[in-house]
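Q: Handing you this structure, nothing more for now.
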Amino acid sequence: MNDNSWKRNEIESPCVKICVIHPVHNICVGCFRTTDEIANWSNFTGEKRRNIMAGLKGREKLTQPKRQGGRLGRIKN
């Protein structure tokens, strides 16, 4: 039996199985995709997926907590 039926020439999902949606930015803290991108991933063309993948690293900073204390937190502008 040939098992090539499960092999696809598509860009793989960036999912890392840490599926938690950031409550403010509405992106997954594991793969940094939006909920719409996650839901529609299988319908996207390879080009659309590559474009999304290219921008994911730039979203990482949105999910990181911001420092609120320390000296800079006490200085007023």
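Labels for the structure tokens follow display order: chains A, B, ..., residues from 1 in each chain, ligands from 1.
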Considering only C-alpha atoms, return as number ranges by chain whatever protein or nucleic-acid residues lie within 9 Å of Val24 (chain A), sequence-local ones (same chain, fewer than 3 positions apart) excluded.
A: A: 21, 27, 63
Q: Out of A:Ile38, A:Cys28, A:Lys17, A:Glu12, which residue has the shortest atom-to-atom distance to Gln64 (chain A) when counting only C-alpha atoms?
A: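 For Gln64 (chain A), the nearest of the candidates is A:Cys28.
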Q: Quick one: residues within 12 Å of region 41-44 of chain A, only C-alpha atoms counted, chain neighbours fewer than 2 positions away excluded, as a list in words?
A: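 Within the cut-off, the hits are Arg8, Glu10, Ile11, Glu12, Ser13, Pro14, Cys15, Arg33, Thr34, Thr35, Asp36, Glu37, Ile38, Ala39, Gly46, Glu47, Lys48, Arg49, Arg50, Asn51, Ile52 and Met53 of chain A.
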Q: Could you write out that same residue set with N, CA and C atoms as a PDB file, in the first residue's frame?
A:
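Writing done, so here's selection-v1.pdb:
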ATOM      1  N   ARG A   8       1.614  16.054   1.694  1.00  0.00           N
ATOM      2  CA  ARG A   8       1.098  17.198   0.961  1.00  0.00           C
ATOM      3  C   ARG A   8       2.242  18.168   0.685  1.00  0.00           C
ATOM      4  N   GLU A  10       2.405  21.361   1.015  1.00  0.00           N
ATOM      5  CA  GLU A  10       1.951  22.609   1.602  1.00  0.00           C
ATOM      6  C   GLU A  10       2.908  23.021   2.704  1.00  0.00           C
ATOM      7  N   ILE A  11       2.895  24.308   3.010  1.00  0.00           N
ATOM      8  CA  ILE A  11       3.680  24.790   4.132  1.00  0.00           C
ATOM      9  C   ILE A  11       3.024  24.275   5.411  1.00  0.00           C
ATOM     10  N   GLU A  12       3.821  23.817   6.327  1.00  0.00           N
ATOM     11  CA  GLU A  12       3.299  23.248   7.562  1.00  0.00           C
ATOM     12  C   GLU A  12       2.744  24.322   8.478  1.00  0.00           C
ATOM     13  N   SER A  13       1.950  23.917   9.402  1.00  0.00           N
ATOM     14  CA  SER A  13       1.400  24.825  10.394  1.00  0.00           C
ATOM     15  C   SER A  13       2.476  25.215  11.402  1.00  0.00           C
ATOM     16  N   PRO A  14       2.464  26.464  11.865  1.00  0.00           N
ATOM     17  CA  PRO A  14       3.427  26.884  12.883  1.00  0.00           C
ATOM     18  C   PRO A  14       3.014  26.481  14.300  1.00  0.00           C
ATOM     19  N   CYS A  15       1.938  25.734  14.420  1.00  0.00           N
ATOM     20  CA  CYS A  15       1.410  25.344  15.730  1.00  0.00           C
ATOM     21  C   CYS A  15       2.473  24.595  16.542  1.00  0.00           C
ATOM     22  N   ARG A  33      -0.417  33.243  15.691  1.00  0.00           N
ATOM     23  CA  ARG A  33      -1.434  33.484  14.660  1.00  0.00           C
ATOM     24  C   ARG A  33      -2.700  34.030  15.313  1.00  0.00           C
ATOM     25  N   THR A  34      -3.491  34.762  14.516  1.00  0.00           N
ATOM     26  CA  THR A  34      -4.788  35.222  14.991  1.00  0.00           C
ATOM     27  C   THR A  34      -5.755  34.049  14.976  1.00  0.00           C
ATOM     28  N   THR A  35      -6.873  34.206  15.648  1.00  0.00           N
ATOM     29  CA  THR A  35      -7.866  33.126  15.645  1.00  0.00           C
ATOM     30  C   THR A  35      -8.406  32.896  14.235  1.00  0.00           C
ATOM     31  N   ASP A  36      -8.549  33.949  13.437  1.00  0.00           N
ATOM     32  CA  ASP A  36      -9.003  33.786  12.051  1.00  0.00           C
ATOM     33  C   ASP A  36      -7.973  33.011  11.223  1.00  0.00           C
ATOM     34  N   GLU A  37      -6.694  33.307  11.437  1.00  0.00           N
ATOM     35  CA  GLU A  37      -5.646  32.591  10.705  1.00  0.00           C
ATOM     36  C   GLU A  37      -5.618  31.118  11.090  1.00  0.00           C
ATOM     37  N   ILE A  38      -5.809  30.841  12.356  1.00  0.00           N
ATOM     38  CA  ILE A  38      -5.836  29.444  12.812  1.00  0.00           C
ATOM     39  C   ILE A  38      -7.025  28.710  12.201  1.00  0.00           C
ATOM     40  N   ALA A  39      -8.186  29.336  12.255  1.00  0.00           N
ATOM     41  CA  ALA A  39      -9.409  28.696  11.761  1.00  0.00           C
ATOM     42  C   ALA A  39      -9.377  28.462  10.249  1.00  0.00           C
ATOM     43  N   GLY A  46      -0.644  28.432  -0.398  1.00  0.00           N
ATOM     44  CA  GLY A  46       0.732  28.379   0.098  1.00  0.00           C
ATOM     45  C   GLY A  46       1.334  29.767   0.215  1.00  0.00           C
ATOM     46  N   GLU A  47       1.035  30.638  -0.735  1.00  0.00           N
ATOM     47  CA  GLU A  47       1.567  32.008  -0.704  1.00  0.00           C
ATOM     48  C   GLU A  47       1.034  32.766   0.512  1.00  0.00           C
ATOM     49  N   LYS A  48      -0.254  32.630   0.780  1.00  0.00           N
ATOM     50  CA  LYS A  48      -0.850  33.303   1.941  1.00  0.00           C
ATOM     51  C   LYS A  48      -0.220  32.772   3.234  1.00  0.00           C
ATOM     52  N   ARG A  49      -0.016  31.471   3.328  1.00  0.00           N
ATOM     53  CA  ARG A  49       0.605  30.873   4.515  1.00  0.00           C
ATOM     54  C   ARG A  49       2.032  31.378   4.703  1.00  0.00           C
ATOM     55  N   ARG A  50       2.796  31.449   3.608  1.00  0.00           N
ATOM     56  CA  ARG A  50       4.172  31.947   3.701  1.00  0.00           C
ATOM     57  C   ARG A  50       4.197  33.397   4.172  1.00  0.00           C
ATOM     58  N   ASN A  51       3.263  34.207   3.682  1.00  0.00           N
ATOM     59  CA  ASN A  51       3.187  35.613   4.115  1.00  0.00           C
ATOM     60  C   ASN A  51       2.875  35.719   5.603  1.00  0.00           C
ATOM     61  N   ILE A  52       1.965  34.886   6.076  1.00  0.00           N
ATOM     62  CA  ILE A  52       1.627  34.886   7.499  1.00  0.00           C
ATOM     63  C   ILE A  52       2.836  34.437   8.313  1.00  0.00           C
ATOM     64  N   MET A  53       3.475  33.353   7.881  1.00  0.00           N
ATOM     65  CA  MET A  53       4.639  32.830   8.596  1.00  0.00           C
ATOM     66  C   MET A  53       5.743  33.883   8.690  1.00  0.00           C
TER      67      MET A  53
END
Q: What gap, in Å, lies between CA of Pro65 (chain A) and CA of Val16 (chain A)?
A: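 CA of Val16 (chain A) lies 19.9 Å from CA of Pro65 (chain A).
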Q: One decimal, in Å: what's the spacing between CA of Leu56 (chain A) and CA of Val29 (chain A)?
A: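 Those two atoms sit 10.7 Å apart.
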